[in-house]
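Student: One file is attached below, input.txt, containing compact mmCIF, C-alpha atoms.
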```
# COMPACT_ATOMS: atom_id res chain seq x y z
CA MET J 1 0.00 0.00 0.00
CA ARG J 2 1.06 3.58 -0.53
CA THR J 3 -0.06 7.00 0.55
CA ILE J 4 -1.82 9.14 -2.05
CA MET J 5 0.57 12.09 -2.01
CA SER J 6 -1.70 14.26 -4.15
CA ARG J 7 -4.10 14.41 -1.21
CA THR J 8 -1.64 15.82 1.31
CA GLY J 9 -2.53 19.40 0.39
CA TRP J 10 -6.07 18.97 1.70
CA LEU J 11 -5.15 19.79 5.27
CA LEU J 12 -3.19 22.94 4.47
CA LEU J 13 -5.93 24.09 2.12
CA ALA J 14 -8.53 23.73 4.84
CA PHE J 15 -6.33 25.60 7.31
CA THR J 16 -5.95 28.48 4.86
CA LEU J 17 -9.64 28.65 4.05
CA SER J 18 -10.69 28.65 7.69
CA VAL J 19 -9.06 32.04 8.21
CA SER J 20 -11.70 33.70 6.04
CA LEU J 21 -14.54 31.26 6.74
CA ALA J 22 -15.55 32.09 10.28
CA ALA J 23 -18.99 30.97 9.12
CA GLN J 24 -20.38 29.73 5.87
CA GLU J 25 -21.52 32.26 3.34
CA ALA J 26 -25.27 31.90 3.60
CA VAL J 27 -28.05 34.44 3.39
CA ARG J 28 -30.70 34.22 6.05
CA THR J 29 -33.76 33.98 3.88
CA SER J 30 -37.26 34.59 5.17
CA ILE J 31 -38.56 31.74 7.28
CA PRO J 32 -42.27 30.81 7.27
CA GLU J 33 -44.00 31.67 10.52
CA SER J 34 -45.07 28.04 10.93
CA VAL J 35 -41.42 26.95 10.78
CA ILE J 36 -40.35 29.61 13.30
CA ASN J 37 -43.07 28.42 15.67
CA SER J 38 -42.02 24.81 15.14
CA LEU J 39 -38.33 25.54 15.82
CA ASP J 40 -39.18 27.68 18.85
CA GLY J 41 -41.34 24.88 20.23
CA LEU J 42 -38.62 22.30 19.59
CA GLN J 43 -36.04 24.50 21.32
CA LYS J 44 -38.32 24.93 24.34
CA THR J 45 -39.69 21.42 24.75
CA ARG J 46 -36.78 19.44 23.23
CA THR J 47 -39.40 17.06 21.86
CA ALA J 48 -39.32 16.23 18.16
CA ASN J 49 -42.34 15.14 16.18
CA ARG J 50 -42.35 11.96 14.09
CA VAL J 51 -43.34 13.51 10.78
CA PHE J 52 -41.02 12.32 7.97
CA ASN J 53 -39.26 10.03 10.49
CA VAL J 54 -36.23 12.34 10.80
CA HIS J 55 -33.23 10.64 12.45
CA TYR J 56 -29.65 11.66 13.23
CA ARG J 57 -27.17 9.38 11.47
CA GLY J 58 -23.85 10.73 12.73
CA SER J 59 -21.28 13.44 12.05
CA TYR J 60 -17.94 13.82 10.28
CA PHE J 61 -15.29 16.31 11.31
CA TRP J 62 -12.54 18.10 9.40
CA ALA J 63 -9.78 20.09 11.11
CA LEU J 64 -9.55 23.83 10.44
CA GLU J 65 -7.18 26.39 11.89
CA LYS J 66 -9.43 27.78 14.62
CA SER J 67 -12.57 25.72 14.25
CA VAL J 68 -13.96 22.46 12.87
CA TYR J 69 -15.83 21.79 9.66
CA VAL J 70 -18.79 19.64 10.73
CA ASN J 71 -20.88 17.49 8.41
CA VAL J 72 -24.12 16.23 9.92
CA ALA J 73 -25.86 13.23 8.37
CA PHE J 74 -29.56 12.54 8.85
CA SER J 75 -32.25 10.37 7.30
CA ALA J 76 -35.86 11.26 6.51
CA ASP J 77 -38.69 9.58 4.65
CA LEU J 78 -39.01 12.13 1.86
CA ASP J 79 -38.87 10.08 -1.34
CA GLY J 80 -42.35 8.68 -0.88
CA ASP J 81 -43.70 12.04 0.18
CA ALA J 82 -42.21 13.66 -2.94
CA VAL J 83 -43.88 10.99 -5.11
CA GLY J 84 -47.19 11.71 -3.42
CA MET J 85 -46.79 15.45 -3.96
CA LYS J 86 -45.98 14.82 -7.63
CA GLU J 87 -49.09 12.69 -7.99
CA ARG J 88 -51.24 15.37 -6.38
CA GLY J 89 -49.66 17.99 -8.64
CA LYS J 90 -50.37 15.84 -11.70
CA LYS J 91 -53.97 15.30 -10.60
CA GLN J 92 -54.51 19.04 -10.09
CA TYR J 93 -52.91 19.72 -13.47
CA ASP J 94 -55.13 17.17 -15.21
CA GLU J 95 -58.22 18.65 -13.54
CA ARG J 96 -57.31 22.18 -14.65
CA VAL J 97 -56.60 21.01 -18.22
CA ALA J 98 -59.89 19.08 -18.33
CA ALA J 99 -61.78 22.14 -17.07
CA GLU J 100 -60.18 24.39 -19.69
CA MET J 101 -60.84 21.85 -22.46
CA LYS J 102 -64.48 21.65 -21.42
CA LYS J 103 -64.81 25.44 -21.56
CA LEU J 104 -63.21 25.45 -24.99
CA GLU J 105 -65.53 22.71 -26.18
CA GLU J 106 -68.57 24.70 -25.07
CA ILE J 107 -67.28 27.79 -26.87
CA ASN J 108 -66.56 25.87 -30.09
CA LYS J 109 -70.05 24.36 -30.13
CA LYS J 110 -71.35 27.82 -30.92
CA ILE J 111 -68.89 28.34 -33.79
CA LYS J 112 -70.02 26.82 -37.10
CA LYS J 113 -66.96 27.31 -39.23
CA GLU J 114 -64.20 24.84 -38.41
CA GLU J 115 -61.42 27.31 -39.23
CA GLU J 116 -62.84 29.82 -36.74
CA LYS J 117 -62.96 27.44 -33.80
CA LYS J 118 -60.68 28.23 -30.87
CA LYS J 119 -57.60 26.17 -30.24
CA TRP J 120 -55.64 25.78 -27.00
CA GLU J 121 -52.53 23.88 -26.06
CA PRO J 122 -52.20 23.03 -22.38
CA PRO J 123 -48.99 24.29 -20.73
CA VAL J 124 -46.20 21.83 -20.04
CA LEU J 125 -46.42 20.32 -16.59
CA VAL J 126 -43.30 21.41 -14.70
CA TYR J 127 -42.60 20.03 -11.25
CA PRO J 128 -40.76 22.17 -8.69
CA GLU J 129 -37.02 21.60 -8.25
CA THR J 130 -37.64 20.45 -4.70
CA PHE J 131 -40.58 19.46 -2.52
CA HIS J 132 -38.93 20.04 0.87
CA ASP J 133 -36.71 22.60 2.56
CA LEU J 134 -34.41 22.07 5.53
CA TYR J 135 -34.22 24.77 8.20
CA MET J 136 -31.30 24.36 10.57
CA ARG J 137 -30.80 26.21 13.85
CA VAL J 138 -27.70 25.83 16.05
CA ILE J 139 -27.97 26.61 19.77
CA LYS J 140 -25.00 27.26 22.08
CA ASP J 141 -25.62 27.98 25.77
CA GLY J 142 -29.24 28.80 25.02
CA GLN J 143 -28.41 31.29 22.27
CA VAL J 144 -29.05 30.93 18.53
CA ILE J 145 -25.67 31.20 16.79
CA GLN J 146 -26.57 29.90 13.32
CA GLU J 147 -29.75 29.61 11.30
CA TYR J 148 -29.70 28.49 7.66
CA ARG J 149 -32.03 27.13 5.01
CA SER J 150 -31.49 24.88 2.00
CA HIS J 151 -33.59 23.02 -0.54
CA ILE J 152 -33.46 19.23 -0.16
CA PRO J 153 -32.51 17.41 -3.39
CA VAL J 154 -35.11 15.09 -4.87
CA GLU J 155 -33.72 13.92 -8.21
CA GLY J 156 -31.53 10.85 -8.71
CA GLU J 157 -31.26 7.67 -6.67
CA ALA J 158 -33.25 6.94 -3.54
CA ALA J 159 -31.98 8.70 -0.43
CA ALA J 160 -30.18 6.53 2.12
CA TYR J 161 -29.33 9.72 4.02
CA TYR J 162 -28.84 13.47 3.62
CA SER J 163 -26.11 15.76 4.94
CA PHE J 164 -25.17 19.38 5.44
CA GLY J 165 -21.98 21.10 6.56
CA THR J 166 -21.27 24.01 8.87
CA ILE J 167 -18.32 25.45 10.78
CA LEU J 168 -18.25 25.34 14.60
CA ALA J 169 -15.74 25.69 17.40
CA PRO J 170 -15.17 22.61 19.60
CA GLY J 171 -17.90 22.21 22.19
CA GLU J 172 -21.49 21.09 22.78
CA TYR J 173 -24.39 22.27 20.67
CA ASP J 174 -28.06 21.64 20.09
CA VAL J 175 -28.79 21.36 16.37
CA LEU J 176 -32.47 21.79 15.54
CA LEU J 177 -33.81 20.49 12.24
CA ASN J 178 -37.09 21.35 10.57
CA ILE J 179 -38.02 19.70 7.26
CA ASN J 180 -40.86 21.65 5.72
CA ARG J 181 -42.92 20.95 2.62
CA VAL J 182 -42.51 23.82 0.18
CA ASP J 183 -46.29 24.40 0.33
CA ASN J 184 -46.07 24.65 4.16
CA SER J 185 -48.63 21.85 4.56
CA LYS J 186 -46.50 19.58 6.75
CA ASP J 187 -43.19 19.63 8.63
CA GLY J 188 -41.02 17.22 10.58
CA THR J 189 -38.54 18.05 13.34
CA GLN J 190 -35.56 16.58 15.15
CA ILE J 191 -33.09 17.83 17.76
CA ILE J 192 -29.47 16.66 17.79
CA LYS J 193 -27.10 16.89 20.74
CA LEU J 194 -23.83 17.51 18.91
CA GLN J 195 -20.36 17.24 20.46
CA VAL J 196 -17.72 18.87 18.25
CA PRO J 197 -14.31 17.39 19.15
CA GLU J 198 -11.13 19.36 19.82
CA LEU J 199 -9.79 19.10 16.30
CA THR J 200 -8.41 22.53 15.44
CA LEU J 201 -4.87 23.12 14.18
CA MET J 202 -3.85 24.04 17.72
CA ASP J 203 -5.33 20.78 19.04
CA ILE J 204 -3.53 18.74 16.38
CA THR J 205 -0.12 20.36 16.88
CA LYS J 206 -0.20 20.34 20.68
CA PRO J 207 2.59 17.93 21.74
CA ARG J 208 1.38 14.82 23.56
CA LYS J 209 3.07 12.00 25.34
CA ASP J 210 1.10 9.51 23.24
CA LEU J 211 -0.27 10.05 19.76
CA GLN J 212 -4.03 10.12 19.38
CA ILE J 213 -6.31 9.97 16.35
CA SER J 214 -9.72 11.33 15.42
CA ALA J 215 -12.55 8.89 14.76
CA PRO J 216 -11.42 6.71 11.81
CA VAL J 217 -13.66 6.71 8.74
CA PHE J 218 -13.66 4.47 5.67
CA TYR J 219 -14.64 6.02 2.33
CA GLY J 220 -15.78 4.14 -0.73
CA GLU J 221 -14.95 7.13 -2.91
CA VAL J 222 -13.72 10.73 -2.72
CA LYS J 223 -14.29 13.14 -5.61
CA GLN J 224 -12.77 16.50 -6.44
CA LEU J 225 -15.24 19.34 -7.06
CA LEU J 226 -14.65 21.75 -9.92
CA GLN J 227 -15.13 24.75 -7.64
CA SER J 228 -15.50 25.47 -3.95
CA GLU J 229 -18.98 25.59 -2.44
CA THR J 230 -19.48 27.93 0.53
CA ARG J 231 -23.28 28.05 0.62
CA PHE J 232 -25.24 26.06 3.15
CA THR J 233 -26.36 23.08 1.08
CA VAL J 234 -28.16 19.81 1.75
CA LEU J 235 -26.76 16.83 -0.18
CA LYS J 236 -27.97 13.28 -0.75
CA ASN J 237 -25.99 10.05 -0.15
CA LYS J 238 -22.69 11.88 0.40
CA TYR J 239 -21.24 14.76 2.30
CA GLU J 240 -19.15 17.65 1.12
CA ASN J 241 -16.27 19.78 2.29
CA GLY J 242 -17.21 22.69 0.09
CA PRO J 243 -14.28 25.00 0.89
CA ALA J 244 -11.81 22.19 0.15
CA GLN J 245 -13.73 21.21 -3.02
CA LEU J 246 -14.24 17.58 -2.00
CA ASP J 247 -17.19 15.17 -2.08
CA PHE J 248 -16.98 12.25 0.37
CA PHE J 249 -18.86 8.95 0.11
CA PRO J 250 -18.42 7.25 3.50
CA CYS J 251 -19.00 3.53 3.90
CA ALA J 252 -22.21 2.78 5.75
CA SER J 253 -20.41 0.41 8.12
CA ASN J 254 -17.07 -1.33 8.49
CA THR J 255 -18.41 -4.27 6.49
CA PHE J 256 -16.86 -4.96 3.09
CA LYS J 257 -16.43 -7.46 0.29
CA ASN J 258 -12.85 -8.65 -0.10
CA SER J 259 -12.78 -6.99 -3.53
CA ASP J 260 -13.48 -3.55 -2.03
CA LYS J 261 -10.68 -1.01 -1.68
CA PRO J 262 -11.95 1.62 0.75
CA THR J 263 -9.82 4.52 1.93
CA LEU J 264 -9.15 4.86 5.64
CA THR J 265 -8.78 8.38 7.01
CA PHE J 266 -8.23 10.12 10.33
CA PHE J 267 -6.31 13.03 11.81
CA ILE J 268 -3.22 12.36 13.95
CA LEU J 269 -2.98 14.46 17.11
CA GLY J 270 0.18 15.11 19.12
CA ALA J 271 2.95 14.85 16.52
CA VAL J 272 5.58 17.60 16.66
CA ALA J 273 5.76 20.01 13.70
CA VAL J 274 9.16 21.56 12.91
CA GLN J 275 10.20 24.48 10.70
CA SER J 276 10.91 22.79 7.39
CA ALA J 277 9.41 22.07 3.99
CA GLU J 278 7.82 18.97 5.54
CA PRO J 279 6.93 19.92 9.13
CA TRP J 280 5.75 16.45 10.16
CA ASN J 281 7.64 13.16 10.02
CA ILE J 282 5.32 10.33 11.01
CA SER J 283 5.69 6.65 10.21
CA ALA J 284 2.78 4.23 10.06
CA ASN J 285 2.85 0.45 10.10
CA ILE J 286 -0.34 -1.37 9.15
CA GLU J 287 -1.30 -4.97 9.57
CA ILE J 288 -4.45 -7.08 9.52
CA ARG J 289 -5.16 -9.60 12.25
CA SER J 290 -7.63 -12.42 12.58
CA GLY J 291 -7.85 -12.98 16.30
CA LYS J 292 -4.20 -13.05 17.41
CA GLU J 293 -2.92 -14.18 14.03
CA ARG J 294 -1.36 -11.61 11.71
CA VAL J 295 -2.65 -12.34 8.22
CA ALA J 296 -1.18 -9.33 6.40
CA LYS J 297 1.48 -6.70 6.97
CA PHE J 298 2.11 -3.80 4.62
CA GLU J 299 5.08 -1.60 3.82
CA GLU J 300 5.81 1.19 6.26
CA LEU J 301 4.29 4.54 5.34
CA LYS J 302 5.96 7.93 5.74
CA LEU J 303 3.57 10.81 6.40
CA ASN J 304 4.56 14.46 6.08
CA ASN J 305 1.31 15.84 7.48
CA PRO J 306 -1.09 14.64 10.18
CA TYR J 307 -3.91 13.63 7.84
CA PHE J 308 -3.84 9.87 7.36
CA TYR J 309 -5.34 8.93 3.98
CA GLN J 310 -4.72 5.36 2.91
CA PRO J 311 -6.46 2.94 0.53
CA ILE J 312 -6.82 -0.48 2.13
CA GLU J 313 -6.70 -3.79 0.27
CA PHE J 314 -8.21 -6.85 1.91
CA ILE J 315 -5.56 -9.41 1.01
CA LYS J 316 -3.91 -12.21 2.89
CA LYS J 317 -0.17 -12.74 2.49
CA ASP J 318 1.32 -16.22 2.73
CA LYS J 319 5.04 -16.17 1.93
CA ASP J 320 5.22 -14.87 -1.64
CA LYS J 321 1.55 -15.44 -2.39
CA THR J 322 -1.43 -13.20 -1.81
CA SER J 323 -5.12 -14.06 -1.79
CA PRO J 324 -8.37 -12.27 -0.88
CA LEU J 325 -9.37 -12.37 2.78
CA PRO J 326 -12.03 -14.99 3.47
CA ALA J 327 -15.27 -13.95 5.13
CA GLY J 328 -14.89 -13.23 8.81
CA GLU J 329 -14.13 -10.63 11.45
CA TYR J 330 -10.77 -8.85 11.44
CA MET J 331 -8.80 -6.11 13.12
CA LEU J 332 -6.86 -3.46 11.24
CA VAL J 333 -3.95 -2.41 13.46
CA VAL J 334 -2.25 0.92 12.79
CA GLU J 335 0.97 1.70 14.68
CA LEU J 336 2.07 5.35 14.48
CA LYS J 337 5.37 6.91 15.50
CA ASP J 338 6.50 10.54 15.51
CA ASN J 339 10.05 10.66 14.11
CA ASN J 340 10.74 14.37 14.55
CA GLN J 341 13.55 15.30 16.90
CA GLY J 342 12.51 15.77 20.49
CA SER J 343 9.43 13.56 20.25
CA GLN J 344 8.98 10.04 21.53
CA ALA J 345 5.24 9.93 20.89
CA LYS J 346 3.73 6.70 19.62
CA GLY J 347 0.31 5.18 19.34
CA VAL J 348 -1.32 1.87 18.39
CA PHE J 349 -4.90 1.84 17.17
CA GLU J 350 -7.24 -1.04 16.37
CA ILE J 351 -10.11 -0.74 13.90
CA ALA J 352 -12.52 -3.67 13.65
CA PHE J 353 -14.02 -4.61 10.31
CA LYS J 354 -15.83 -7.54 8.69
CA ILE J 355 -15.50 -9.29 5.34
CA VAL J 356 -18.66 -10.77 3.89
CA GLU J 357 -19.22 -12.97 0.85
```
Turn the structure described in the file into structure tokens.

Tutor:
Amino acid sequence: MRTIMSRTGWLLLAFTLSVSLAAQEAVRTSIPESVINSLDGLQKTRTANRVFNVHYRGSYFWALEKSVYVNVAFSADLDGDAVGMKERGKKQYDERVAAEMKKLEEINKKIKKEEEKKKWEPPVLVYPETFHDLYMRVIKDGQVIQEYRSHIPVEGEAAAYYSFGTILAPGEYDVLLNINRVDNSKDGTQIIKLQVPELTLMDITKPRKDLQISAPVFYGEVKQLLQSETRFTVLKNKYENGPAQLDFFPCASNTFKNSDKPTLTFFILGAVAVQSAEPWNISANIEIRSGKERVAKFEELKLNNPYFYQPIEFIKKDKDKTSPLPAGEYMLVVELKDNNQGSQAKGVFEIAFKIVE
């Protein structure tokens, strides 16, 4: 295995962008009174309703210089509701067209000459771009510190989950969600107790006796965006680091086929940075274990920044032969060592995963 060196600029890019992105560029658009009342009630009672079955699915965190880029994932039963709204729209359209055609027919009955009879072409039925909006409110110590709105995408594949990103300092927050039909006929709510970890540049570079890592995440794919996105935006079946121009497709669980090649990522905390072209000098040794048996060991990696980004292959090595891992439960063991002068920091981390047929 080898490190993808083209990705090492991600961290520095995010650090640079965070200087000017104290908060996302988003215009506070007008909020329907019904949504304001719903959010106010949710903030006061801390009791969500069950409309649209809105559920928190987890969060992903990206280190910035003085804050953390947070991506919140949630699920909601909107696909079926959108289909129903389309069907109602089509029915209303058909009824209006039928009414107009009937009027035209009555008018034409009174016109004897065929060439003088009125003609009418019904307008093209155009569905709205979205059927639902997300309103998000962030509460810190009882005060509203952020409030944004975004359309929720409807086109494309079925939604396994949705996500949105925002920038927050480490700490505890209440994140209030309101999903509102665009016609204001129904809304669903949820409240999320969000803990943003200490993952700023200062937190990462603070020397530690033992190295630590952020929560490890496997990605099935990462895509480069053509341009940065700084608006508050809801996405479907992925999440986005807009300022860094990256789309992430996290794996739903640590369960894979042996033919998969997911990418493992995390931030390394506690390694010493020195004044040089490559401030960090971290080595990483990776092996796969089945119980106490080591079934694979890979070449040592050299990292020159504290963002670990490594494709993983599920192969078993037996002398000079390799073969796919059979189905079963395994442990990915990552041993990290800070090699910069004056540091003795090390760390060993175990990440459980499963191979299925």

Student: Have a look at J:Lys346, J:His151, J:Lys317, J:Lys193 and name the one nearest to Ile282 of chain J; count all atoms listed in the file.

Tutor: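 Closest to Ile282 of chain J of all the choices is J:Lys346.
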
Student: I need the residue nearest Pro32 of chain J from this list: J:Thr265, J:Asn180, J:Asn281, J:Ser67. Use all atoms listed in the file for the distance.

Tutor: J:Asn180

Student: Give me, as a list in words, all polymer residues having an atom no more than 10 Å from Asn340 of chain J, counting all atoms listed in the file and skipping those fewer than 2 positions away in the same chain.

Tutor: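 Listing them by chain and then by number gives Ala271, Val272, Ala273, Val274, Pro279, Trp280, Asn281, Ile282, Lys337, Asp338, Gly342, Ser343, Gln344 and Ala345 of chain J.
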
Student: Rank nothing, just name the residue among J:Leu177, J:Gly188, J:Asp94, J:Glu87 nearest to Ile139 of chain J, using only C-alpha atoms.

Tutor: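 Answer, going by the shortest atom-to-atom distance: J:Leu177.
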
Student: For Lys86 of chain J, which residue out of J:Phe308, J:Tyr330, J:Tyr127, J:Tyr135 is the nearest one, using only C-alpha atoms?

Tutor: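 Ranked by minimum distance to Lys86 of chain J, first place goes to J:Tyr127.
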
Student: Skip Thr233 of chain J itself and residues of its chain fewer than 2 positions away, then list as a PyMOL selection string all residues within 6 Å of it, counting all atoms listed in the file.

Tutor: chain J and resi 150+164+231

Student: Under the rule that only C-alpha atoms are counted, which of J:Gly242, J:Pro311, J:Gly291, J:Pro306 is the nearest residue to Glu329 of chain J?

Tutor: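 Using only C-alpha atoms, the shortest distance to Glu329 of chain J belongs to J:Gly291.
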
Student: Extract, using all atoms listed in the file, all DNA, RNA and protein residues at most 7 Å from segment 212-220 of chain J, discarding same-chain residues fewer than 5 positions from it, and format them as a list in words.

Tutor: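 Result of the neighbour search: Phe248, Phe249, Pro250, Cys251, Pro262, Thr263, Leu264, Thr265, Phe266, Phe267, Ile268, Leu269, Gly270 and Gly347 of chain J.
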